[in-house]
Amino acid sequence: MLARPDQKTIQTIRNAAEQMIRIERRRFQAQVVLDHCNGNTSHARTLFGWDQRTTRKALLEKKKGKTIADKQRSGRKCFSRKLPNLQKDIRSLVNPNSQTHPTFENTFRYTRMTAKAVLEALVREKEYKKGELPAESTMRALLNKMGYRLRRVQKTKPQKKFPKRTPSSQT
């Protein structure tokens, strides 16, 4: 069993790893895990604070002698890139059904259309395909980002004017 490195050595190794990026860092981590941790990734996590998955990948790369490609981010593309006219079409559908705050306290526009109704109108009137449009929750977030609030606005009610009571008044 290897002796535990002192605190100064641990800090030096951590700092050296932080200065490197991706492949170089993994190569360095693999060598350190083999030299100071006897190949034990959980021991490396305890000593140096390194992620076990990364150190396992580093050891596997060292064993195979070739670099394993980093995973690319997956997921849907941003709707503004995929459908550049989407926001313009949403505005054309929602603006006739929206109103500003009655007291003009803020710049939000309130609409009576729900996110589900907007999605249905886009399919029906603007000829979008259902599969290319965002989910209902994403549409709700997009409407909020565009400045629409999805709730009813109560009309402002004028305050009743009550005559001031005077000592001489009967009622």
# chains A, B, ... in the order shown; residues from 1 in each chain; ligands from 1

call {"tool": "residues_around", "arguments": {"residues": "Leu83 (chain A)", "least_positions_apart": "6", "cutoff": "12 Å", "atoms": "only C-alpha atoms", "output": "VMD selection string"}}
result
chain A and resid 77 89 to 90 128 to 129 132 to 134

call {"tool": "write_last_selection", "arguments": {"atoms": "N, CA and C atoms", "output": "CSV table (one decimal), in the first residue's frame"}}
result
chain,number,residue,atom,x,y,z
A,77,LYS,N,-32.8,21.7,-30.5
A,77,LYS,CA,-32.2,23.0,-30.9
A,77,LYS,C,-33.1,24.1,-30.4
A,89,ASP,N,-45.2,35.1,-35.4
A,89,ASP,CA,-46.5,34.4,-35.6
A,89,ASP,C,-47.2,34.4,-34.3
A,90,ILE,N,-46.5,34.2,-33.2
A,90,ILE,CA,-47.2,34.1,-31.9
A,90,ILE,C,-47.8,35.5,-31.6
A,128,TYR,N,-48.2,25.3,-38.9
A,128,TYR,CA,-47.1,24.6,-38.3
A,128,TYR,C,-47.5,23.2,-38.1
A,129,LYS,N,-46.5,22.3,-38.0
A,129,LYS,CA,-46.7,20.9,-37.7
A,129,LYS,C,-46.6,20.8,-36.2
A,132,GLU,N,-43.1,19.9,-34.6
A,132,GLU,CA,-42.0,20.9,-34.7
A,132,GLU,C,-42.2,22.0,-33.6
A,133,LEU,N,-43.3,22.1,-33.0
A,133,LEU,CA,-43.6,23.2,-32.0
A,133,LEU,C,-43.2,22.7,-30.6
A,134,PRO,N,-42.9,23.7,-29.8
A,134,PRO,CA,-42.4,23.3,-28.4
A,134,PRO,C,-43.6,22.7,-27.6

call {"tool": "closest_residue", "arguments": {"among": "A:Ala135, A:Leu122, A:Ile23, A:Leu60", "to": "Thr41 (chain A)", "atoms": "only C-alpha atoms"}}
result
A:Leu60

call {"tool": "residues_around", "arguments": {"residues": "Val33 (chain A)", "least_positions_apart": "6", "cutoff": "8 Å", "atoms": "only C-alpha atoms", "output": "PyMOL selection string"}}
result
chain A and resi 39-41+44+55

call {"tool": "write_last_selection", "arguments": {"atoms": "N, CA and C atoms", "output": "compact mmCIF listing (two decimals), in the first residue's frame"}}
result
# COMPACT_ATOMS: atom_id res chain seq x y z
N GLY A 39 -4.40 3.14 -8.27
CA GLY A 39 -5.46 2.88 -9.24
C GLY A 39 -6.87 2.99 -8.68
N ASN A 40 -7.03 3.44 -7.46
CA ASN A 40 -8.32 3.51 -6.79
C ASN A 40 -8.96 4.88 -7.03
N THR A 41 -10.04 4.92 -7.81
CA THR A 41 -10.67 6.20 -8.15
C THR A 41 -11.40 6.84 -6.96
N ALA A 44 -8.87 8.68 -5.02
CA ALA A 44 -8.52 9.93 -5.71
C ALA A 44 -9.59 10.99 -5.46
N THR A 55 -12.02 10.15 -13.61
CA THR A 55 -10.80 9.38 -13.38
C THR A 55 -10.91 7.97 -13.95

call {"tool": "residues_around", "arguments": {"residues": "Ala121 (chain A)", "least_positions_apart": "4", "cutoff": "10 Å", "atoms": "only C-alpha atoms", "output": "list in words"}}
result
Asp89, Ile90, Leu93, Val94, Met113, Ala115, Lys116, Ala117, Glu125, Lys126, Glu127 and Tyr128 of chain A

call {"tool": "closest_atom_pairs", "arguments": {"of": "region 18-119 of chain A", "to": "region 4-12 of chain A", "cutoff": "8 Å", "atoms": "only C-alpha atoms", "output": "tab-separated table"}}
result
residue	atom	partner	partner_atom	distance
A:His36	CA	A:Pro5	CA	7.3
A:Leu47	CA	A:Ile10	CA	7.1
A:Phe48	CA	A:Ile10	CA	6.6

call {"tool": "select_by_dssp", "arguments": {"residues": "chain A", "states": "helix (DSSP H, G or I)", "output": "mmCIF file with C-alpha atoms, in the first residue's frame"}}
result
data_model
loop_
_atom_site.group_PDB
_atom_site.id
_atom_site.type_symbol
_atom_site.label_atom_id
_atom_site.label_comp_id
_atom_site.auth_asym_id
_atom_site.auth_seq_id
_atom_site.Cartn_x
_atom_site.Cartn_y
_atom_site.Cartn_z
ATOM 1 C CA GLN A 7 -1.100 18.193 2.285
ATOM 2 C CA LYS A 8 1.370 20.320 0.314
ATOM 3 C CA THR A 9 1.744 17.605 -2.360
ATOM 4 C CA ILE A 10 -2.043 17.173 -2.577
ATOM 5 C CA GLN A 11 -2.511 20.912 -3.090
ATOM 6 C CA THR A 12 0.236 21.015 -5.739
ATOM 7 C CA ILE A 13 -1.390 18.141 -7.657
ATOM 8 C CA ARG A 14 -4.827 19.805 -7.455
ATOM 9 C CA ASN A 15 -3.430 23.107 -8.748
ATOM 10 C CA ALA A 16 -1.582 21.363 -11.587
ATOM 11 C CA ALA A 17 -4.771 19.557 -12.657
ATOM 12 C CA GLU A 18 -6.765 22.808 -12.611
ATOM 13 C CA GLN A 19 -4.287 24.387 -15.047
ATOM 14 C CA ARG A 22 -9.771 17.965 -21.036
ATOM 15 C CA ILE A 23 -7.414 15.362 -22.487
ATOM 16 C CA GLU A 24 -4.263 16.676 -20.812
ATOM 17 C CA ARG A 25 -6.035 16.816 -17.448
ATOM 18 C CA ARG A 26 -7.330 13.254 -17.791
ATOM 19 C CA ARG A 27 -3.869 11.966 -18.743
ATOM 20 C CA PHE A 28 -2.415 13.706 -15.703
ATOM 21 C CA GLN A 29 -5.196 12.406 -13.436
ATOM 22 C CA ALA A 30 -4.693 8.839 -14.673
ATOM 23 C CA GLN A 31 -0.979 8.994 -13.906
ATOM 24 C CA VAL A 32 -1.594 10.507 -10.446
ATOM 25 C CA VAL A 33 -4.258 7.869 -9.642
ATOM 26 C CA LEU A 34 -1.839 5.108 -10.604
ATOM 27 C CA ASP A 35 1.149 6.666 -8.765
ATOM 28 C CA HIS A 36 -0.494 7.938 -5.567
ATOM 29 C CA THR A 41 -10.671 6.199 -8.145
ATOM 30 C CA SER A 42 -12.625 6.617 -4.902
ATOM 31 C CA HIS A 43 -9.344 7.274 -3.084
ATOM 32 C CA ALA A 44 -8.523 9.931 -5.713
ATOM 33 C CA ARG A 45 -11.932 11.491 -5.097
ATOM 34 C CA THR A 46 -11.232 11.677 -1.373
ATOM 35 C CA LEU A 47 -7.692 13.034 -1.730
ATOM 36 C CA PHE A 48 -7.992 15.390 -4.683
ATOM 37 C CA GLN A 52 -14.792 9.310 -10.199
ATOM 38 C CA ARG A 53 -16.318 9.068 -13.680
ATOM 39 C CA THR A 54 -13.592 11.322 -15.045
ATOM 40 C CA THR A 55 -10.796 9.381 -13.382
ATOM 41 C CA ARG A 56 -12.297 6.071 -14.574
ATOM 42 C CA LYS A 57 -12.405 7.456 -18.106
ATOM 43 C CA ALA A 58 -8.808 8.654 -17.714
ATOM 44 C CA LEU A 59 -7.649 5.201 -16.576
ATOM 45 C CA LEU A 60 -9.524 3.548 -19.449
ATOM 46 C CA GLU A 61 -7.895 5.912 -21.942
ATOM 47 C CA LYS A 62 -4.478 5.130 -20.506
ATOM 48 C CA LYS A 63 -5.149 1.388 -20.633
ATOM 49 C CA LYS A 64 -6.431 1.436 -24.248
ATOM 50 C CA PHE A 79 -36.694 27.309 -31.288
ATOM 51 C CA SER A 80 -35.541 30.762 -32.368
ATOM 52 C CA ARG A 81 -32.979 29.096 -34.672
ATOM 53 C CA LYS A 82 -35.195 26.253 -35.796
ATOM 54 C CA LEU A 86 -42.283 31.662 -34.505
ATOM 55 C CA GLN A 87 -42.262 34.731 -32.237
ATOM 56 C CA LYS A 88 -43.680 36.959 -34.988
ATOM 57 C CA ASP A 89 -46.476 34.445 -35.606
ATOM 58 C CA ILE A 90 -47.202 34.150 -31.878
ATOM 59 C CA ARG A 91 -47.465 37.940 -31.585
ATOM 60 C CA SER A 92 -49.885 38.076 -34.539
ATOM 61 C CA LEU A 93 -52.125 35.519 -32.800
ATOM 62 C CA VAL A 94 -51.894 36.767 -29.217
ATOM 63 C CA ASN A 95 -51.931 40.577 -29.659
ATOM 64 C CA PRO A 96 -55.614 40.795 -30.698
ATOM 65 C CA ASN A 97 -56.520 38.830 -27.554
ATOM 66 C CA ALA A 115 -50.340 28.210 -24.059
ATOM 67 C CA LYS A 116 -52.367 25.246 -25.304
ATOM 68 C CA ALA A 117 -54.665 27.561 -27.285
ATOM 69 C CA VAL A 118 -51.644 29.330 -28.821
ATOM 70 C CA LEU A 119 -50.189 25.974 -29.922
ATOM 71 C CA GLU A 120 -53.513 24.931 -31.464
ATOM 72 C CA ALA A 121 -53.843 28.286 -33.257
ATOM 73 C CA LEU A 122 -50.317 27.981 -34.661
ATOM 74 C CA VAL A 123 -51.182 24.569 -36.111
ATOM 75 C CA ARG A 124 -54.593 25.674 -37.386
ATOM 76 C CA GLU A 125 -53.891 29.183 -38.690
ATOM 77 C CA LYS A 130 -47.494 19.751 -34.162
ATOM 78 C CA GLY A 131 -44.166 17.888 -33.870
ATOM 79 C CA GLU A 132 -42.003 20.913 -34.653
ATOM 80 C CA GLU A 136 -46.977 23.418 -23.685
ATOM 81 C CA SER A 137 -44.740 24.250 -20.708
ATOM 82 C CA THR A 138 -42.060 25.616 -23.049
ATOM 83 C CA MET A 139 -44.672 27.692 -24.874
ATOM 84 C CA ARG A 140 -45.829 29.093 -21.533
ATOM 85 C CA ALA A 141 -42.246 30.092 -20.706
ATOM 86 C CA LEU A 142 -41.802 31.610 -24.171
ATOM 87 C CA LEU A 143 -44.973 33.683 -23.802
ATOM 88 C CA ASN A 144 -43.761 34.936 -20.428
ATOM 89 C CA LYS A 145 -40.382 35.803 -21.958
#

call {"tool": "atom_distance", "arguments": {"atom1": "CA of Arg109 (chain A)", "atom2": "CA of Gly147 (chain A)"}}
result
6.3 Å
